[in-house]
Structures are given as structure tokens and as C-alpha cells.
Amino acid sequence: VTVLGSGSSGNCTAVSSGADTLLVDAGFSAKEILRRLCAAGIDSEHVRAIVLTHEHTDHVAGVRVLAKRLGVPVLASPGTIRAASLQSFVSDTRALSPGEEMNVGCLEIAAFATSHDAAEPMGVTIGTSDGEMLGLATDTGVLGEEAFQALAACTLLAIETNHDERLLQNGPYPWFLKQRILSTRGHLSNDAAAHALERLAHDRVRAIIGMHASRTNNTAALAATSLETALTRIGLAIPVSIARQDAAVACTLT
Ligand SMILES: [Zn+2]
Ligand SMILES: [Zn+2]
């Protein structure tokens with residue numbers, strides 16, 4: 001799993017197994033995503049599909065050009081397909097609703113509902129034939145029961161650690177934006193992610209990645225400390241890394 005970049009200025013994560021790569025979100029320009037793939041040593045020829053979590057610009061900015069350039073299908077929920085007008089500019093659009101599964105090469109992708117101010121947002125799990133499973137949940141104000149069930153079997157958890165609540169409350173954002181982020185359809189805080197981890201982490205989880213960290217209302221150290229403290233509370237030692245906006249963070253399970 002290579003998080004090519006994560007945050008409100010762009011999101012794209014590459015998940016590879018064997019000769020198949022799946023991209024989750026395409027929130028940078030196509031040129032920038034191709035540049036980051038190349039820098040991470042991932043062959044763009046191996047990309048089989050792009051899956052979109054929701055229609056916000058930081059998740060879809062490059063999808064039009066990238067899907068055409070790579071000649072791959074775009075998977076998204078019916079609500080995202082409509083809200084992003086995908087069918088008007090992506091030739092191969094495939095609906096993947098929360099609760100459904102789809103095979104892409106040797107990867108098995110399943111979607112679950114998230115809670116965000118978008119048309120039909122979702123998180124995904126991506127399983128490999130050798131029993132590893134990534135769970136990716138970002139841009140969600142809360143994790144619902146469906147999300148917890150989907151994430152329970154994952155061996156690699158990529159969970160949103162968007163903000164430190166105190167930094168957000170005392171920070172420069174206007175009131176309405178603070179309310180939006182803090183709402184149940186906003187973004188997950190470090191503490192909320194840590195609480196979720198106490199329920200989701202188990203001894204088969206091999207790595208945890210904090211996602212979509214705000215550059216204004218968070219720091220990598222605060223996000224990592226929250227998650228690590230939660231792991232200590234439940235007696236598990238699992239490596240934690242925090243995804244970055246401007247550089248790739250990779251996690252390899254062998
Ligand atoms: Zn986002
Ligand atoms: Zn969003």
C-alpha cells in the first residue's frame with residue numbers, strides 16, 4: 001500500500017498485489033499522480049482501475065484525464081457517479097454501492113458507507129489472494145456499525161486522523177468550517193480514530209496508517225501519539241505511520 005498523498009489538497013492511494021494495482025481516489029492532477037507512481041516505483045501499466053470514495057475535488061481532480069490516459073474503468077457509488085457527472089467524461093464507469101463487492105485482477109474490493117457531506121460517500125476494503133486486507137476509511141465524521149463490521153477483518157488499517165480537536169477549536173478556521181469538520185458528516189479526529197482503533201485492532205493487524213491529516217489543525221506527531229496511546233491501552237504493538245500531503249508513505253506486507 002502506497003499512500004501517494006493524503007489530505008485536503010489531494011488524495012490518491014495505490015494498492016498493489018502481484019501484477020495488479022488499484023488506485024483509490026485521484027485527487028491530484030493526472031500528471032502529478034503519474035509522477036508520484038513513478039517515484040514510488042509503481043508501474044502505471046499495472047493499474048487496473050480507479051475507485052472513488054466520493055466526489056469532493058481533493059478525491060477526483062485528476063480522474064478524467066487519468067482514466068483516459070491509463071484506459072481503466074472508474075468505480076464509484078451511484079451517488080458519486082451522479083454528483084461528479086462521471087458518465088459525461090469517463091467512458092467506462094462502473095457502479096459499486098456500499099455493501100457490494102467487485103473483483104479487479106487478483107484484488108477483491110468491497111465498499112461500505114461512510115458519513116460525510118457528499119452524495120453517497122464510502123470507504124473500501126481491498127483483499128488479496130494471500131489473505132491480507134486493507135481497510136481504508138477517510139472523510140467520515142463517524143464510523144458507523146457497517147464500517148466497523150467491514151474493517152474488523154482487515155490486516156492493514158488506513159483510518160482518518162484529520163484533526164486534533166483542541167488545535168481545530170483554537171485555530172484560524174472560520175466558525176462554519178469548524179462546525180462542518182466536527183459534525184457527524186465531517187472528518188474523524190485523532191481521538192475518534194484512536195477510539196475506533198481500540199475496537200478494530202487485533203493481533204493480526206500488521207500496520208496502521210493515519211490518513212487525511214490537516215496541515216492547519218494537526219501534526220503527524222499528535223496523530224501518531226493518539227493512535228499509539230490507544231494501542232498501548234489495549235496491549236498491542238503495531239507500527240503506526242501518518243500519511244503525508246506532499247510525499248508518498250509506503251507500507252509493504254510480505
Ligand atoms: Zn477529502
Ligand atoms: Zn471530502
# chains A, B, ... in the order shown; residues from 1 in each chain; ligands from 1
call {"tool": "residues_near_ligand", "arguments": {"ligand": "ligand 2", "cutoff": "12 Å", "atoms": "only C-alpha atoms and all ligand atoms", "output": "CSV table (one decimal) with N, CA and C atoms, in the first residue's frame"}}
result
chain,number,residue,atom,x,y,z
A,6,SER,N,-2.1,12.4,0.9
A,6,SER,CA,-3.4,12.3,1.6
A,6,SER,C,-3.6,13.6,2.3
A,7,GLY,N,-4.8,14.2,2.2
A,7,GLY,CA,-5.1,15.5,2.9
A,7,GLY,C,-6.1,16.3,2.0
A,8,SER,N,-6.4,17.5,2.5
A,8,SER,CA,-7.5,18.3,1.8
A,8,SER,C,-7.0,18.9,0.5
A,9,SER,N,-5.7,18.7,0.2
A,9,SER,CA,-5.2,19.2,-1.1
A,9,SER,C,-5.0,18.1,-2.1
A,10,GLY,N,-5.4,16.9,-1.8
A,10,GLY,CA,-5.3,15.8,-2.8
A,10,GLY,C,-5.1,14.5,-2.1
A,11,ASN,N,-5.8,13.4,-2.7
A,11,ASN,CA,-5.7,12.1,-2.1
A,11,ASN,C,-5.6,11.1,-3.3
A,25,ASP,N,-9.0,6.9,-5.2
A,25,ASP,CA,-9.1,8.3,-5.4
A,25,ASP,C,-8.0,8.8,-6.3
A,27,GLY,N,-7.1,12.5,-6.6
A,27,GLY,CA,-7.3,13.9,-6.2
A,27,GLY,C,-6.2,14.9,-6.5
A,52,LEU,N,-13.3,5.6,-6.6
A,52,LEU,CA,-13.5,6.9,-5.9
A,52,LEU,C,-14.4,6.8,-4.7
A,53,THR,N,-13.9,7.4,-3.6
A,53,THR,CA,-14.7,7.3,-2.3
A,53,THR,C,-15.8,8.3,-2.3
A,54,HIS,N,-15.7,9.5,-2.9
A,54,HIS,CA,-16.7,10.5,-3.0
A,54,HIS,C,-16.3,11.6,-4.0
A,55,GLU,N,-17.2,12.5,-4.3
A,55,GLU,CA,-17.0,13.5,-5.4
A,55,GLU,C,-16.2,14.7,-5.0
A,56,HIS,N,-15.7,14.9,-3.8
A,56,HIS,CA,-15.0,16.2,-3.5
A,56,HIS,C,-13.7,16.3,-4.3
A,57,THR,N,-13.4,17.5,-4.6
A,57,THR,CA,-12.3,17.8,-5.6
A,57,THR,C,-11.0,17.1,-5.1
A,58,ASP,N,-10.7,17.1,-3.8
A,58,ASP,CA,-9.5,16.5,-3.3
A,58,ASP,C,-9.4,15.0,-3.5
A,59,HIS,N,-10.5,14.4,-4.1
A,59,HIS,CA,-10.5,13.0,-4.4
A,59,HIS,C,-10.7,12.7,-5.9
A,60,VAL,N,-11.2,13.7,-6.6
A,60,VAL,CA,-11.5,13.4,-8.0
A,60,VAL,C,-10.8,14.3,-9.1
A,80,THR,N,-22.0,9.1,-6.2
A,80,THR,CA,-20.8,9.7,-6.6
A,80,THR,C,-20.7,9.9,-8.1
A,114,THR,N,-19.8,5.5,4.5
A,114,THR,CA,-19.2,6.5,5.5
A,114,THR,C,-20.1,7.6,5.7
A,115,SER,N,-19.8,8.5,6.6
A,115,SER,CA,-20.7,9.6,7.0
A,115,SER,C,-20.0,10.9,6.7
A,116,HIS,N,-20.4,11.6,5.6
A,116,HIS,CA,-19.7,12.7,5.1
A,116,HIS,C,-20.6,13.6,4.3
A,117,ASP,N,-20.3,14.9,4.1
A,117,ASP,CA,-21.2,15.8,3.4
A,117,ASP,C,-21.0,15.7,1.9
A,118,ALA,N,-21.3,14.5,1.4
A,118,ALA,CA,-21.2,14.2,0.0
A,118,ALA,C,-22.4,13.3,-0.4
A,119,ALA,N,-22.6,13.0,-1.7
A,119,ALA,CA,-23.8,12.4,-2.1
A,119,ALA,C,-24.0,11.0,-1.6
A,120,GLU,N,-23.0,10.1,-1.8
A,120,GLU,CA,-23.0,8.7,-1.4
A,120,GLU,C,-21.6,8.3,-1.1
A,121,PRO,N,-21.0,8.8,0.0
A,121,PRO,CA,-19.6,8.5,0.3
A,121,PRO,C,-19.4,7.1,0.8
A,122,MET,N,-18.2,6.6,0.5
A,122,MET,CA,-17.9,5.2,1.0
A,122,MET,C,-16.4,5.0,1.3
A,123,GLY,N,-16.2,4.0,2.2
A,123,GLY,CA,-14.8,3.5,2.4
A,123,GLY,C,-14.7,2.2,1.7
A,137,ALA,N,-10.7,4.1,5.5
A,137,ALA,CA,-11.8,4.9,5.9
A,137,ALA,C,-11.4,6.4,6.1
A,138,THR,N,-11.7,7.2,5.2
A,138,THR,CA,-11.3,8.7,5.4
A,138,THR,C,-12.6,9.5,5.0
A,139,ASP,N,-12.5,10.8,5.4
A,139,ASP,CA,-13.6,11.7,5.1
A,139,ASP,C,-14.9,11.1,5.7
A,140,THR,N,-14.9,10.9,7.0
A,140,THR,CA,-16.1,10.4,7.7
A,140,THR,C,-16.2,11.0,9.1
A,141,GLY,N,-17.3,11.6,9.4
A,141,GLY,CA,-17.5,12.3,10.7
A,141,GLY,C,-17.5,11.3,11.8
A,160,GLU,N,-8.8,7.7,9.0
A,160,GLU,CA,-8.6,9.2,9.0
A,160,GLU,C,-8.2,9.7,10.4
A,162,ASN,N,-7.9,13.3,11.0
A,162,ASN,CA,-7.9,14.6,10.3
A,162,ASN,C,-7.4,15.7,11.2
A,180,ARG,N,-18.5,22.3,10.4
A,180,ARG,CA,-18.6,21.3,9.4
A,180,ARG,C,-17.7,20.1,9.7
A,181,ILE,N,-16.4,20.4,10.0
A,181,ILE,CA,-15.4,19.4,10.2
A,181,ILE,C,-15.8,18.5,11.5
A,185,ARG,N,-21.0,14.4,9.8
A,185,ARG,CA,-20.7,14.3,8.3
A,185,ARG,C,-19.5,15.0,7.9
A,186,GLY,N,-18.5,15.2,8.9
A,186,GLY,CA,-17.3,15.9,8.6
A,186,GLY,C,-16.1,15.0,8.5
A,187,HIS,N,-15.2,15.2,9.5
A,187,HIS,CA,-13.9,14.4,9.4
A,187,HIS,C,-13.6,13.8,10.8
A,188,LEU,N,-12.9,12.7,10.8
A,188,LEU,CA,-12.6,12.0,12.0
A,188,LEU,C,-11.4,12.6,12.7
A,212,HIS,N,-5.4,11.6,5.9
A,212,HIS,CA,-6.1,12.9,5.7
A,212,HIS,C,-5.8,13.9,6.8
call {"tool": "residues_around", "arguments": {"residues": "A:Leu151", "least_positions_apart": "4", "cutoff": "7 Å", "atoms": "only C-alpha atoms", "output": "PyMOL selection string"}}
result
chain A and resi 135+147+200
call {"tool": "write_last_selection", "arguments": {"atoms": "C-alpha atoms", "output": "short mmCIF file (atom, residue, chain, number, x, y, z; two decimals), in the first residue's frame"}}
result
data_model
loop_
_atom_site.label_atom_id
_atom_site.label_comp_id
_atom_site.auth_asym_id
_atom_site.auth_seq_id
_atom_site.Cartn_x
_atom_site.Cartn_y
_atom_site.Cartn_z
CA GLY A 135 -9.34 -1.14 5.18
CA ALA A 147 -17.86 0.45 8.76
CA LEU A 200 -10.64 -2.57 15.48
#
call {"tool": "residues_around", "arguments": {"residues": "A:Val72", "least_positions_apart": "6", "cutoff": "12 Å", "atoms": "only C-alpha atoms", "output": "ChimeraX atom specification"}}
result
/A:21-23,44-51,63-66,90-94,104
call {"tool": "residues_around", "arguments": {"residues": "A:Asp43", "least_positions_apart": "6", "cutoff": "10 Å", "atoms": "only C-alpha atoms", "output": "list in words"}}
result
Ala19, Asp20, Thr21, Leu34 and Leu37 of chain A
call {"tool": "residues_around", "arguments": {"residues": "A:Asn103", "least_positions_apart": "5", "cutoff": "10 Å", "atoms": "only C-alpha atoms", "output": "PDB file with N, CA, C and O atoms, in the first residue's frame"}}
result
ATOM      1  N   GLU A 108      -9.790  -8.052  -4.424  1.00  0.00           N
ATOM      2  CA  GLU A 108     -11.225  -8.051  -4.182  1.00  0.00           C
ATOM      3  C   GLU A 108     -11.589  -6.804  -3.393  1.00  0.00           C
ATOM      4  O   GLU A 108     -11.113  -6.609  -2.275  1.00  0.00           O
ATOM      5  N   ILE A 109     -12.413  -5.966  -3.997  1.00  0.00           N
ATOM      6  CA  ILE A 109     -12.756  -4.698  -3.362  1.00  0.00           C
ATOM      7  C   ILE A 109     -14.195  -4.736  -2.874  1.00  0.00           C
ATOM      8  O   ILE A 109     -15.078  -5.234  -3.563  1.00  0.00           O
ATOM      9  N   ALA A 110     -14.405  -4.245  -1.672  1.00  0.00           N
ATOM     10  CA  ALA A 110     -15.756  -4.149  -1.117  1.00  0.00           C
ATOM     11  C   ALA A 110     -15.934  -2.741  -0.563  1.00  0.00           C
ATOM     12  O   ALA A 110     -14.987  -2.135  -0.060  1.00  0.00           O
ATOM     13  N   ILE A 126      -9.881  -3.779   0.610  1.00  0.00           N
ATOM     14  CA  ILE A 126      -9.280  -4.403  -0.571  1.00  0.00           C
ATOM     15  C   ILE A 126      -8.498  -5.617  -0.100  1.00  0.00           C
ATOM     16  O   ILE A 126      -7.535  -5.492   0.666  1.00  0.00           O
ATOM     17  N   GLY A 127      -8.936  -6.786  -0.531  1.00  0.00           N
ATOM     18  CA  GLY A 127      -8.325  -8.026  -0.084  1.00  0.00           C
ATOM     19  C   GLY A 127      -7.459  -8.650  -1.171  1.00  0.00           C
ATOM     20  O   GLY A 127      -7.716  -8.480  -2.365  1.00  0.00           O
TER      21      GLY A 127
END
call {"tool": "select_by_dssp", "arguments": {"residues": "stretch 14-253 of chain A", "states": "alpha helix (DSSP H)", "output": "PyMOL selection string"}}
result
chain A and resi 30-39+57-60+63-70+78-83+145-151+165-170+175-182+190-200+220-233
call {"tool": "closest_residue", "arguments": {"among": "A:Ala40, A:Ile238, A:Ala221, A:Ala76", "to": "A:Glu101", "atoms": "only C-alpha atoms"}}
result
A:Ala76
call {"tool": "atom_distance", "arguments": {"atom1": "atom CA of A:Ile242", "atom2": "atom CA of A:Glu228"}}
result
11.4 Å
call {"tool": "residues_around", "arguments": {"residues": "A:Thr216", "least_positions_apart": "5", "cutoff": "10 Å", "atoms": "only C-alpha atoms", "output": "list of chain:residue names"}}
result
A:Asn162, A:His163, A:Asp164, A:Leu167, A:Leu168, A:Gly171, A:Pro172, A:Tyr173
call {"tool": "closest_residue", "arguments": {"among": "A:Gly105, A:Gly79, A:Gly5, A:Gly41", "to": "ligand 1", "atoms": "only C-alpha atoms and all ligand atoms"}}
result
A:Gly5
call {"tool": "select_by_dssp", "arguments": {"residues": "stretch 8-206 of chain A", "states": "strand (DSSP E or B)", "output": "PyMOL selection string"}}
result
chain A and resi 12-17+20-24+47-51+74-76+93-95+101-104+107-113+122-127+133-137+156-160+163+189
call {"tool": "residues_around", "arguments": {"residues": "A:Ala220", "least_positions_apart": "2", "cutoff": "12 Å", "atoms": "only C-alpha atoms", "output": "short mmCIF file (atom, residue, chain, number, x, y, z; two decimals) with C-alpha atoms, in the first residue's frame"}}
result
data_model
loop_
_atom_site.label_atom_id
_atom_site.label_comp_id
_atom_site.auth_asym_id
_atom_site.auth_seq_id
_atom_site.Cartn_x
_atom_site.Cartn_y
_atom_site.Cartn_z
CA GLY A 7 -5.11 15.49 2.88
CA THR A 161 -6.80 11.22 11.67
CA ASN A 162 -7.92 14.59 10.34
CA HIS A 163 -7.53 16.92 13.27
CA ASP A 164 -6.62 17.45 16.86
CA ASN A 190 -7.26 11.86 16.22
CA ILE A 209 -1.75 4.44 8.71
CA GLY A 210 -3.28 7.73 9.87
CA MET A 211 -4.90 9.44 6.87
CA HIS A 212 -6.08 12.87 5.66
CA ALA A 213 -4.26 14.83 8.40
CA SER A 214 -4.91 18.57 8.32
CA ARG A 215 -1.86 20.77 7.90
CA THR A 216 -3.53 23.53 9.95
CA ASN A 217 -5.29 21.58 12.68
CA ASN A 218 -2.98 18.62 13.24
CA LEU A 222 -0.10 14.36 17.60
CA ALA A 223 -1.87 11.92 15.26
CA ALA A 224 0.72 9.19 15.83
CA THR A 225 0.68 9.69 19.62
CA SER A 226 -3.13 9.35 19.74
CA LEU A 227 -3.06 6.07 17.83
CA GLU A 228 -0.05 4.68 19.69
CA VAL A 240 1.89 3.38 13.04
CA SER A 241 2.68 5.78 10.24
CA ILE A 242 0.96 9.01 9.23
CA ALA A 243 0.28 9.70 5.55
CA ARG A 244 1.57 12.95 4.11
CA GLN A 245 0.12 15.50 1.73
#
